[in-house]
Amino acid sequence: MAKLFGNIIIISLIFLFIMNNVEDTRKIPDGSFKKKMTALEMQLSEINTLFLGSSMTNGGIDPHLYDSLMANYNQQTKSFNLGLPGLNLLETQYVLENLLTMQFTNLNTIYLEVNDYWVFLNSANHNASRIINYHDLKRTFTVCLAIWETSYPIGQKLRFSRDRLNLFAKHILRTGELKHIWQSFFFQQKSYPDTLKSYTGYAEGRGRNNGFQNWNHFFRTHEGQEDYQARLNGTHKLMIKNQNHYRQTQLAAFQILSNIISHCKSRGVNLVLINLPANGEKKFIIKNLEVNQIDCPLIEMNLPAEYPELFAPENRFDHNHLNDAGAIHATKILAKLSVHHLKD
């Protein structure tokens, strides 16, 4: 009996080892980001500048326009937009670590959109492969520490922690691995057109807006405009309420950001932080970069008084995102500020 039990343990350990070390078929998320990564791989010898961030980066920075503007400033860039809707600092760290293992020939600068880190996880993401993928031991431990540093009630902290530990278990066991192997095979067999060699990753027009139509419809209403103005003025009730909960988590966010900066420096890549025009809210992490001794240049664009055109309703898609017209303004400002930064 003891021998049988021992054999079961050994077989189980071998199974876990295999499942945890097979090629991770979810390394690159499916859908639009898969398309972006495929296009990026086709251009590894040309790209020297990357924009990495959330949906605000995805639809707010046009690499083609940026490159043409930088040429006018006698700066030769070939840039690519790696914006991914919902990208947070933990996932950014994961994506960045994978990016820096790729065989770029000329990569020298990464512009990183930086945001405060939220520990809340929408239930719709509990089985999302891209969320499971970055919940390795290191990142799960980081987010659990952040959860217990918040002012949420104990019961809520326990629920948040349980959700993250469940994701970690799925990560280790590679839940649904056969499904993802099949999906990976399917995507690998898909033939991508040569036009991806000139694709910049910028999600303009309907390619960006489909996922946010409800927000757009609300934003265009009278009530939506009042909501937007309350956010710009810092008087929105939800913003005020949430501030008390997430401030404590930013200690973890600063550590994540420090790790990202160190990783880029070790690979000889310049990292520039960018704060894109959202709703004018003063992000905690941005306000405390110097206090926490984060040694990294910052391009600040979330300033309604200084850049009113970026916050004009006609240049917005919703309270957090620019439309195509706004993206043109933002890209021009970013190019101008980049040149100023390089000269300094």
# chains A, B, ... in the order shown; residues from 1 in each chain; ligands from 1

$ select_by_dssp --residues "segment 32-151 of chain A" --states "helix (DSSP H, G or I)" --output "ChimeraX atom specification"
/A:32-42,55-58,63-72,89-99,123-125,129-133,137-148

$ residues_around --residues "Asp67 of chain A" --least-positions-apart "5" --cutoff "9 Å" --atoms "only C-alpha atoms" --output "PyMOL selection string"
chain A and resi 62+72+75-79+335

$ write_last_selection --atoms "all heavy atoms" --output "PDB file, in the first residue's frame"
ATOM      1  N   ASP A  62      -0.214  57.367 -31.962  1.00  0.00           N
ATOM      2  CA  ASP A  62      -0.080  56.893 -33.337  1.00  0.00           C
ATOM      3  C   ASP A  62       1.402  56.827 -33.706  1.00  0.00           C
ATOM      4  O   ASP A  62       2.042  57.868 -33.918  1.00  0.00           O
ATOM      5  CB  ASP A  62      -0.818  57.852 -34.278  1.00  0.00           C
ATOM      6  CG  ASP A  62      -0.755  57.417 -35.739  1.00  0.00           C
ATOM      7  OD1 ASP A  62      -0.003  56.480 -36.053  1.00  0.00           O
ATOM      8  OD2 ASP A  62      -1.460  58.029 -36.562  1.00  0.00           O
ATOM      9  N   ASN A  72      11.132  65.230 -38.229  1.00  0.00           N
ATOM     10  CA  ASN A  72      11.218  66.694 -38.341  1.00  0.00           C
ATOM     11  C   ASN A  72      12.121  67.283 -37.279  1.00  0.00           C
ATOM     12  O   ASN A  72      12.658  68.383 -37.452  1.00  0.00           O
ATOM     13  CB  ASN A  72       9.822  67.312 -38.235  1.00  0.00           C
ATOM     14  CG  ASN A  72       8.933  66.948 -39.408  1.00  0.00           C
ATOM     15  OD1 ASN A  72       9.429  66.642 -40.495  1.00  0.00           O
ATOM     16  ND2 ASN A  72       7.625  66.982 -39.201  1.00  0.00           N
ATOM     17  N   GLN A  75      15.283  63.231 -35.323  1.00  0.00           N
ATOM     18  CA  GLN A  75      15.390  62.005 -34.529  1.00  0.00           C
ATOM     19  C   GLN A  75      14.807  60.858 -35.351  1.00  0.00           C
ATOM     20  O   GLN A  75      13.646  60.895 -35.743  1.00  0.00           O
ATOM     21  CB  GLN A  75      14.617  62.146 -33.209  1.00  0.00           C
ATOM     22  CG  GLN A  75      15.120  63.239 -32.293  1.00  0.00           C
ATOM     23  CD  GLN A  75      16.434  62.863 -31.628  1.00  0.00           C
ATOM     24  OE1 GLN A  75      16.762  61.679 -31.495  1.00  0.00           O
ATOM     25  NE2 GLN A  75      17.187  63.864 -31.212  1.00  0.00           N
ATOM     26  N   GLN A  76      15.606  59.847 -35.611  1.00  0.00           N
ATOM     27  CA  GLN A  76      15.160  58.730 -36.432  1.00  0.00           C
ATOM     28  C   GLN A  76      14.558  57.640 -35.534  1.00  0.00           C
ATOM     29  O   GLN A  76      15.279  56.964 -34.800  1.00  0.00           O
ATOM     30  CB  GLN A  76      16.326  58.167 -37.244  1.00  0.00           C
ATOM     31  CG  GLN A  76      16.959  59.175 -38.199  1.00  0.00           C
ATOM     32  CD  GLN A  76      15.937  59.755 -39.180  1.00  0.00           C
ATOM     33  OE1 GLN A  76      15.155  59.017 -39.786  1.00  0.00           O
ATOM     34  NE2 GLN A  76      15.955  61.069 -39.338  1.00  0.00           N
ATOM     35  N   THR A  77      13.262  57.494 -35.596  1.00  0.00           N
ATOM     36  CA  THR A  77      12.593  56.469 -34.800  1.00  0.00           C
ATOM     37  C   THR A  77      11.744  55.570 -35.695  1.00  0.00           C
ATOM     38  O   THR A  77      11.233  55.994 -36.719  1.00  0.00           O
ATOM     39  CB  THR A  77      11.675  57.094 -33.728  1.00  0.00           C
ATOM     40  OG1 THR A  77      10.629  57.846 -34.377  1.00  0.00           O
ATOM     41  CG2 THR A  77      12.460  58.007 -32.795  1.00  0.00           C
ATOM     42  N   LYS A  78      11.624  54.336 -35.256  1.00  0.00           N
ATOM     43  CA  LYS A  78      10.695  53.383 -35.848  1.00  0.00           C
ATOM     44  C   LYS A  78       9.959  52.780 -34.658  1.00  0.00           C
ATOM     45  O   LYS A  78      10.494  51.941 -33.929  1.00  0.00           O
ATOM     46  CB  LYS A  78      11.434  52.310 -36.645  1.00  0.00           C
ATOM     47  CG  LYS A  78      10.553  51.175 -37.171  1.00  0.00           C
ATOM     48  CD  LYS A  78       9.509  51.633 -38.167  1.00  0.00           C
ATOM     49  CE  LYS A  78       8.764  50.431 -38.740  1.00  0.00           C
ATOM     50  NZ  LYS A  78       7.627  50.833 -39.612  1.00  0.00           N
ATOM     51  N   SER A  79       8.745  53.253 -34.431  1.00  0.00           N
ATOM     52  CA  SER A  79       8.048  52.919 -33.187  1.00  0.00           C
ATOM     53  C   SER A  79       6.887  51.958 -33.415  1.00  0.00           C
ATOM     54  O   SER A  79       6.405  51.787 -34.545  1.00  0.00           O
ATOM     55  CB  SER A  79       7.546  54.197 -32.505  1.00  0.00           C
ATOM     56  OG  SER A  79       6.639  54.900 -33.324  1.00  0.00           O
ATOM     57  N   ALA A 335       5.593  63.820 -28.949  1.00  0.00           N
ATOM     58  CA  ALA A 335       6.805  63.962 -29.760  1.00  0.00           C
ATOM     59  C   ALA A 335       7.592  65.204 -29.340  1.00  0.00           C
ATOM     60  O   ALA A 335       8.816  65.154 -29.179  1.00  0.00           O
ATOM     61  CB  ALA A 335       6.433  64.040 -31.236  1.00  0.00           C
TER      62      ALA A 335
END

$ atom_distance --atom1 "atom CA of Glu300 of chain A" --atom2 "atom CA of Leu273 of chain A"
8.4 Å

$ residues_around --residues "segment 112-120 of chain A" --least-positions-apart "2" --cutoff "9 Å" --atoms "only C-alpha atoms" --output "JSON list (two decimals) with N, CA, C and O atoms, in the first residue's frame"
[["chain", "number", "residue", "atom", "x", "y", "z"],
["A", 50, "LEU", "N", 9.24, 51.48, -28.39],
["A", 50, "LEU", "CA", 7.98, 50.81, -28.07],
["A", 50, "LEU", "C", 7.14, 51.68, -27.14],
["A", 50, "LEU", "O", 7.68, 52.32, -26.23],
["A", 51, "PHE", "N", 5.83, 51.66, -27.37],
["A", 51, "PHE", "CA", 4.88, 52.27, -26.44],
["A", 51, "PHE", "C", 4.11, 51.13, -25.78],
["A", 51, "PHE", "O", 3.45, 50.34, -26.46],
["A", 52, "LEU", "N", 4.20, 51.04, -24.46],
["A", 52, "LEU", "CA", 3.57, 49.95, -23.73],
["A", 52, "LEU", "C", 2.62, 50.51, -22.68],
["A", 52, "LEU", "O", 3.00, 51.36, -21.87],
["A", 53, "GLY", "N", 1.36, 50.05, -22.71],
["A", 53, "GLY", "CA", 0.39, 50.56, -21.76],
["A", 53, "GLY", "C", -0.98, 49.94, -21.95],
["A", 53, "GLY", "O", -1.13, 48.90, -22.60],
["A", 54, "SER", "N", -1.98, 50.61, -21.41],
["A", 54, "SER", "CA", -3.35, 50.11, -21.43],
["A", 54, "SER", "C", -4.08, 50.58, -22.69],
["A", 54, "SER", "O", -3.46, 50.99, -23.67],
["A", 56, "MET", "N", -5.53, 53.26, -23.07],
["A", 56, "MET", "CA", -5.23, 54.68, -23.31],
["A", 56, "MET", "C", -4.05, 54.83, -24.25],
["A", 56, "MET", "O", -4.02, 55.72, -25.10],
["A", 57, "THR", "N", -3.07, 53.94, -24.12],
["A", 57, "THR", "CA", -1.95, 53.91, -25.06],
["A", 57, "THR", "C", -2.41, 53.33, -26.40],
["A", 57, "THR", "O", -2.08, 53.85, -27.47],
["A", 88, "ASN", "N", -2.35, 46.19, -16.49],
["A", 88, "ASN", "CA", -1.97, 46.80, -15.20],
["A", 88, "ASN", "C", -0.48, 46.62, -14.97],
["A", 88, "ASN", "O", 0.22, 46.01, -15.78],
["A", 89, "LEU", "N", 0.01, 47.13, -13.85],
["A", 89, "LEU", "CA", 1.45, 47.11, -13.62],
["A", 89, "LEU", "C", 2.02, 45.70, -13.53],
["A", 89, "LEU", "O", 3.11, 45.42, -14.03],
["A", 90, "LEU", "N", 1.29, 44.79, -12.87],
["A", 90, "LEU", "CA", 1.79, 43.42, -12.76],
["A", 90, "LEU", "C", 1.90, 42.75, -14.12],
["A", 90, "LEU", "O", 2.89, 42.10, -14.43],
["A", 92, "THR", "N", 2.09, 44.34, -16.95],
["A", 92, "THR", "CA", 3.11, 45.10, -17.68],
["A", 92, "THR", "C", 4.49, 44.51, -17.42],
["A", 92, "THR", "O", 5.29, 44.32, -18.33],
["A", 110, "ILE", "N", 11.71, 52.52, -24.40],
["A", 110, "ILE", "CA", 10.35, 52.08, -24.14],
["A", 110, "ILE", "C", 9.63, 53.17, -23.37],
["A", 110, "ILE", "O", 10.10, 53.62, -22.33],
["A", 122, "ASN", "N", -12.14, 42.00, -11.66],
["A", 122, "ASN", "CA", -13.48, 41.74, -12.16],
["A", 122, "ASN", "C", -13.71, 40.24, -12.33],
["A", 122, "ASN", "O", -12.84, 39.52, -12.81],
["A", 143, "VAL", "N", 0.66, 40.76, -5.27],
["A", 143, "VAL", "CA", -0.69, 41.31, -5.22],
["A", 143, "VAL", "C", -1.38, 40.95, -3.91],
["A", 143, "VAL", "O", -2.15, 41.75, -3.36],
["A", 144, "CYS", "N", -1.09, 39.78, -3.34],
["A", 144, "CYS", "CA", -1.69, 39.43, -2.04],
["A", 144, "CYS", "C", -1.18, 40.34, -0.94],
["A", 144, "CYS", "O", -1.94, 40.74, -0.05],
["A", 146, "ALA", "N", -0.28, 43.41, -1.41],
["A", 146, "ALA", "CA", -0.95, 44.69, -1.66],
["A", 146, "ALA", "C", -2.38, 44.66, -1.13],
["A", 146, "ALA", "O", -2.87, 45.66, -0.57],
["A", 147, "ILE", "N", -3.06, 43.54, -1.29],
["A", 147, "ILE", "CA", -4.45, 43.41, -0.80],
["A", 147, "ILE", "C", -4.52, 43.63, 0.71],
["A", 147, "ILE", "O", -5.38, 44.35, 1.21],
["A", 150, "THR", "N", -4.40, 47.23, 2.17],
["A", 150, "THR", "CA", -5.51, 48.16, 1.94],
["A", 150, "THR", "C", -6.37, 48.30, 3.19],
["A", 150, "THR", "O", -6.17, 47.61, 4.19],
["A", 160, "PHE", "N", -10.62, 38.70, -1.98],
["A", 160, "PHE", "CA", -9.66, 39.12, -2.99],
["A", 160, "PHE", "C", -8.47, 38.16, -3.05],
["A", 160, "PHE", "O", -8.01, 37.78, -4.13],
["A", 246, "TYR", "N", -7.11, 52.47, -2.18],
["A", 246, "TYR", "CA", -5.97, 52.05, -2.99],
["A", 246, "TYR", "C", -4.66, 52.74, -2.63],
["A", 246, "TYR", "O", -3.60, 52.32, -3.08],
["A", 247, "ARG", "N", -4.69, 53.76, -1.81],
["A", 247, "ARG", "CA", -3.43, 54.45, -1.49],
["A", 247, "ARG", "C", -2.40, 53.48, -0.90],
["A", 247, "ARG", "O", -1.22, 53.52, -1.24],
["A", 249, "THR", "N", -2.01, 50.37, -1.39],
["A", 249, "THR", "CA", -1.49, 49.38, -2.34],
["A", 249, "THR", "C", -0.33, 49.93, -3.15],
["A", 249, "THR", "O", 0.39, 49.16, -3.78],
["A", 250, "GLN", "N", -0.14, 51.23, -3.14],
["A", 250, "GLN", "CA", 0.87, 51.81, -4.02],
["A", 250, "GLN", "C", 2.29, 51.53, -3.55],
["A", 250, "GLN", "O", 3.24, 51.69, -4.32],
["A", 252, "ALA", "N", 3.27, 48.56, -3.00],
["A", 252, "ALA", "CA", 3.56, 47.43, -3.89],
["A", 252, "ALA", "C", 3.79, 47.92, -5.31],
["A", 252, "ALA", "O", 4.67, 47.41, -6.01],
["A", 253, "ALA", "N", 3.00, 48.90, -5.74],
["A", 253, "ALA", "CA", 3.13, 49.42, -7.10],
["A", 253, "ALA", "C", 4.52, 50.03, -7.32],
["A", 253, "ALA", "O", 5.12, 49.84, -8.38],
["A", 257, "LEU", "N", 7.25, 48.89, -10.09],
["A", 257, "LEU", "CA", 7.82, 49.86, -11.02],
["A", 257, "LEU", "C", 9.35, 49.88, -10.92],
["A", 257, "LEU", "O", 10.04, 49.96, -11.94],
["A", 271, "LEU", "N", 14.03, 53.69, -20.32],
["A", 271, "LEU", "CA", 12.61, 53.66, -19.99],
["A", 271, "LEU", "C", 12.15, 55.07, -19.66],
["A", 271, "LEU", "O", 12.77, 55.77, -18.86],
["A", 272, "VAL", "N", 11.06, 55.49, -20.31],
["A", 272, "VAL", "CA", 10.46, 56.80, -20.05],
["A", 272, "VAL", "C", 9.01, 56.58, -19.64],
["A", 272, "VAL", "O", 8.26, 55.93, -20.36],
["A", 273, "LEU", "N", 8.63, 57.08, -18.48],
["A", 273, "LEU", "CA", 7.26, 56.96, -18.02],
["A", 273, "LEU", "C", 6.40, 58.03, -18.68],
["A", 273, "LEU", "O", 6.85, 59.16, -18.86],
["A", 274, "ILE", "N", 5.18, 57.66, -19.05],
["A", 274, "ILE", "CA", 4.25, 58.65, -19.59],
["A", 274, "ILE", "C", 2.92, 58.56, -18.83],
["A", 274, "ILE", "O", 2.45, 57.47, -18.52],
["A", 275, "ASN", "N", 2.38, 59.70, -18.51],
["A", 275, "ASN", "CA", 1.06, 59.78, -17.89],
["A", 275, "ASN", "C", 0.13, 60.40, -18.91],
["A", 275, "ASN", "O", 0.13, 61.61, -19.13],
["A", 276, "LEU", "N", -0.66, 59.56, -19.56],
["A", 276, "LEU", "CA", -1.52, 60.01, -20.65],
["A", 276, "LEU", "C", -2.75, 60.74, -20.13],
["A", 276, "LEU", "O", -3.15, 60.56, -18.98],
["A", 283, "LYS", "N", -2.89, 60.95, -10.04],
["A", 283, "LYS", "CA", -2.56, 59.59, -9.63],
["A", 283, "LYS", "C", -1.58, 59.61, -8.45],
["A", 283, "LYS", "O", -0.62, 60.37, -8.44],
["A", 284, "PHE", "N", -1.83, 58.75, -7.49],
["A", 284, "PHE", "CA", -0.99, 58.68, -6.30],
["A", 284, "PHE", "C", 0.45, 58.34, -6.66],
["A", 284, "PHE", "O", 1.39, 58.93, -6.15],
["A", 285, "ILE", "N", 0.62, 57.37, -7.56],
["A", 285, "ILE", "CA", 1.96, 56.92, -7.91],
["A", 285, "ILE", "C", 2.74, 58.01, -8.62],
["A", 285, "ILE", "O", 3.95, 58.16, -8.42],
["A", 286, "ILE", "N", 2.06, 58.83, -9.43],
["A", 286, "ILE", "CA", 2.73, 59.92, -10.13],
["A", 286, "ILE", "C", 3.17, 61.00, -9.14],
["A", 286, "ILE", "O", 4.29, 61.52, -9.22]]

$ residues_around --residues "Ile328 of chain A" --least-positions-apart "6" --cutoff "9 Å" --atoms "only C-alpha atoms" --output "PyMOL selection string"
chain A and resi 60-62+65

$ closest_residue --among "A:Pro297, A:Pro304, A:Gly201, A:Gly155" --to "Arg231 of chain A" --atoms "only C-alpha atoms"
A:Pro304

$ closest_residue --among "A:Met42, A:Gly326, A:Lys170, A:Thr221" --to "Ser129 of chain A" --atoms "only C-alpha atoms"
A:Lys170

$ closest_residue --among "A:Phe317, A:Phe254, A:Phe141, A:Tyr73" --to "Asp295 of chain A" --atoms "only C-alpha atoms"
A:Phe254

$ atom_distance --atom1 "atom CA of Leu107 of chain A" --atom2 "atom CA of Arg130 of chain A"
25.0 Å

$ closest_residue --among "A:Glu281, A:Glu314, A:Asp136, A:Glu149" --to "Phe219 of chain A" --atoms "only C-alpha atoms"
A:Glu314

$ residues_around --residues "Pro277 of chain A" --least-positions-apart "2" --cutoff "9 Å" --atoms "only C-alpha atoms" --output "PyMOL selection string"
chain A and resi 56+60+275+279-280+300-304+307+310-311+320-322+330

$ write_last_selection --atoms "all heavy atoms" --output "short mmCIF file (atom, residue, chain, number, x, y, z; two decimals), in the first residue's frame"
data_model
loop_
_atom_site.label_atom_id
_atom_site.label_comp_id
_atom_site.auth_asym_id
_atom_site.auth_seq_id
_atom_site.Cartn_x
_atom_site.Cartn_y
_atom_site.Cartn_z
N MET A 56 -5.53 53.26 -23.07
CA MET A 56 -5.23 54.68 -23.31
C MET A 56 -4.05 54.83 -24.25
O MET A 56 -4.02 55.72 -25.10
CB MET A 56 -4.98 55.41 -21.98
CG MET A 56 -6.23 55.54 -21.14
SD MET A 56 -6.01 56.62 -19.71
CE MET A 56 -4.91 55.65 -18.70
N GLY A 60 -4.35 56.00 -28.13
CA GLY A 60 -3.98 57.39 -27.88
C GLY A 60 -2.66 57.82 -28.47
O GLY A 60 -2.33 59.01 -28.44
N ASN A 275 2.38 59.70 -18.51
CA ASN A 275 1.06 59.78 -17.89
C ASN A 275 0.13 60.40 -18.91
O ASN A 275 0.13 61.61 -19.13
CB ASN A 275 1.12 60.61 -16.61
CG ASN A 275 -0.17 60.52 -15.81
OD1 ASN A 275 -0.96 59.60 -15.99
ND2 ASN A 275 -0.38 61.48 -14.92
N ASN A 279 -8.55 61.63 -17.03
CA ASN A 279 -9.60 62.55 -16.59
C ASN A 279 -9.07 63.64 -15.68
O ASN A 279 -9.81 64.28 -14.95
CB ASN A 279 -10.73 61.78 -15.89
CG ASN A 279 -10.20 60.88 -14.77
OD1 ASN A 279 -9.21 61.21 -14.14
ND2 ASN A 279 -10.84 59.76 -14.56
N GLY A 280 -7.74 63.82 -15.71
CA GLY A 280 -7.13 64.86 -14.89
C GLY A 280 -6.90 64.46 -13.46
O GLY A 280 -6.34 65.22 -12.68
N GLU A 300 4.53 64.10 -18.45
CA GLU A 300 3.22 64.30 -17.84
C GLU A 300 2.28 65.01 -18.81
O GLU A 300 2.53 66.14 -19.22
CB GLU A 300 3.38 65.14 -16.56
CG GLU A 300 2.09 65.53 -15.88
CD GLU A 300 1.30 64.33 -15.38
OE1 GLU A 300 1.54 63.89 -14.24
OE2 GLU A 300 0.45 63.86 -16.15
N MET A 301 1.20 64.32 -19.18
CA MET A 301 0.23 64.89 -20.13
C MET A 301 -1.17 64.97 -19.54
O MET A 301 -2.09 65.45 -20.19
CB MET A 301 0.21 64.05 -21.42
CG MET A 301 1.55 64.00 -22.13
SD MET A 301 1.58 62.77 -23.48
CE MET A 301 0.39 63.49 -24.59
N ASN A 302 -1.34 64.48 -18.33
CA ASN A 302 -2.66 64.46 -17.70
C ASN A 302 -2.91 65.77 -16.96
O ASN A 302 -3.19 65.79 -15.76
CB ASN A 302 -2.76 63.26 -16.76
CG ASN A 302 -4.18 62.96 -16.35
OD1 ASN A 302 -5.13 63.22 -17.10
ND2 ASN A 302 -4.35 62.40 -15.17
N LEU A 303 -2.78 66.89 -17.70
CA LEU A 303 -2.87 68.22 -17.13
C LEU A 303 -3.88 69.07 -17.90
O LEU A 303 -3.54 69.68 -18.91
CB LEU A 303 -1.49 68.89 -17.17
CG LEU A 303 -0.34 68.16 -16.46
CD1 LEU A 303 0.99 68.81 -16.80
CD2 LEU A 303 -0.57 68.15 -14.95
N PRO A 304 -5.13 69.10 -17.46
CA PRO A 304 -6.17 69.84 -18.19
C PRO A 304 -5.85 71.31 -18.39
O PRO A 304 -6.15 71.87 -19.45
CB PRO A 304 -7.41 69.66 -17.30
CG PRO A 304 -7.15 68.39 -16.55
CD PRO A 304 -5.68 68.38 -16.30
N TYR A 307 -2.90 71.41 -21.11
CA TYR A 307 -3.24 70.86 -22.43
C TYR A 307 -4.75 70.73 -22.56
O TYR A 307 -5.30 69.62 -22.63
CB TYR A 307 -2.58 69.49 -22.62
CG TYR A 307 -1.09 69.48 -22.41
CD1 TYR A 307 -0.53 68.84 -21.30
CD2 TYR A 307 -0.24 70.13 -23.30
CE1 TYR A 307 0.84 68.82 -21.10
CE2 TYR A 307 1.13 70.14 -23.10
CZ TYR A 307 1.67 69.48 -22.00
OH TYR A 307 3.02 69.49 -21.81
N LEU A 310 -6.58 68.33 -25.04
CA LEU A 310 -6.64 66.89 -24.79
C LEU A 310 -7.86 66.49 -23.96
O LEU A 310 -8.21 65.31 -23.89
CB LEU A 310 -5.37 66.42 -24.06
CG LEU A 310 -4.04 66.59 -24.81
CD1 LEU A 310 -2.88 66.11 -23.96
CD2 LEU A 310 -4.07 65.84 -26.14
N PHE A 311 -8.50 67.47 -23.35
CA PHE A 311 -9.64 67.19 -22.47
C PHE A 311 -10.95 67.77 -23.01
O PHE A 311 -11.99 67.62 -22.39
CB PHE A 311 -9.35 67.74 -21.07
CG PHE A 311 -8.14 67.11 -20.45
CD1 PHE A 311 -6.87 67.65 -20.66
CD2 PHE A 311 -8.25 65.97 -19.66
CE1 PHE A 311 -5.74 67.06 -20.11
CE2 PHE A 311 -7.13 65.37 -19.11
CZ PHE A 311 -5.87 65.92 -19.34
N ASN A 320 -12.02 58.53 -20.01
CA ASN A 320 -10.63 58.10 -19.88
C ASN A 320 -9.87 58.01 -21.20
O ASN A 320 -8.65 57.94 -21.19
CB ASN A 320 -10.55 56.73 -19.20
CG ASN A 320 -10.36 56.82 -17.70
OD1 ASN A 320 -9.87 57.82 -17.20
ND2 ASN A 320 -10.76 55.80 -16.99
N HIS A 321 -10.60 58.00 -22.33
CA HIS A 321 -9.94 57.70 -23.61
C HIS A 321 -10.12 58.82 -24.63
O HIS A 321 -11.18 59.43 -24.71
CB HIS A 321 -10.51 56.40 -24.19
CG HIS A 321 -10.32 55.21 -23.31
ND1 HIS A 321 -11.24 54.88 -22.33
CD2 HIS A 321 -9.34 54.28 -23.25
CE1 HIS A 321 -10.83 53.78 -21.70
NE2 HIS A 321 -9.68 53.41 -22.24
N LEU A 322 -9.07 59.02 -25.43
CA LEU A 322 -9.12 59.95 -26.54
C LEU A 322 -9.77 59.30 -27.75
O LEU A 322 -9.74 58.08 -27.90
CB LEU A 322 -7.69 60.39 -26.92
CG LEU A 322 -6.89 61.13 -25.85
CD1 LEU A 322 -5.42 61.17 -26.25
CD2 LEU A 322 -7.43 62.54 -25.65
N ALA A 330 -2.42 64.29 -28.91
CA ALA A 330 -1.56 63.67 -27.89
C ALA A 330 -0.22 63.24 -28.48
O ALA A 330 0.83 63.42 -27.85
CB ALA A 330 -2.28 62.47 -27.28
#

$ atom_distance --atom1 "atom CA of Pro153 of chain A" --atom2 "atom CA of Leu165 of chain A"
18.4 Å

$ closest_residue --among "A:Ala203, A:Leu167, A:Ile299, A:Leu137" --to "Lys336 of chain A" --atoms "only C-alpha atoms"
A:Ile299

$ residues_around --residues "Met102 of chain A" --least-positions-apart "6" --cutoff "10 Å" --atoms "only C-alpha atoms" --output "PyMOL selection string"
chain A and resi 40-41+44

$ write_last_selection --atoms "C-alpha atoms" --output "PDB file, in the first residue's frame"
ATOM      1  CA  LEU A  40       6.284  43.040 -33.952  1.00  0.00           C
ATOM      2  CA  GLU A  41       8.182  39.814 -34.602  1.00  0.00           C
ATOM      3  CA  LEU A  44      12.336  43.143 -34.854  1.00  0.00           C
TER       4      LEU A  44
END
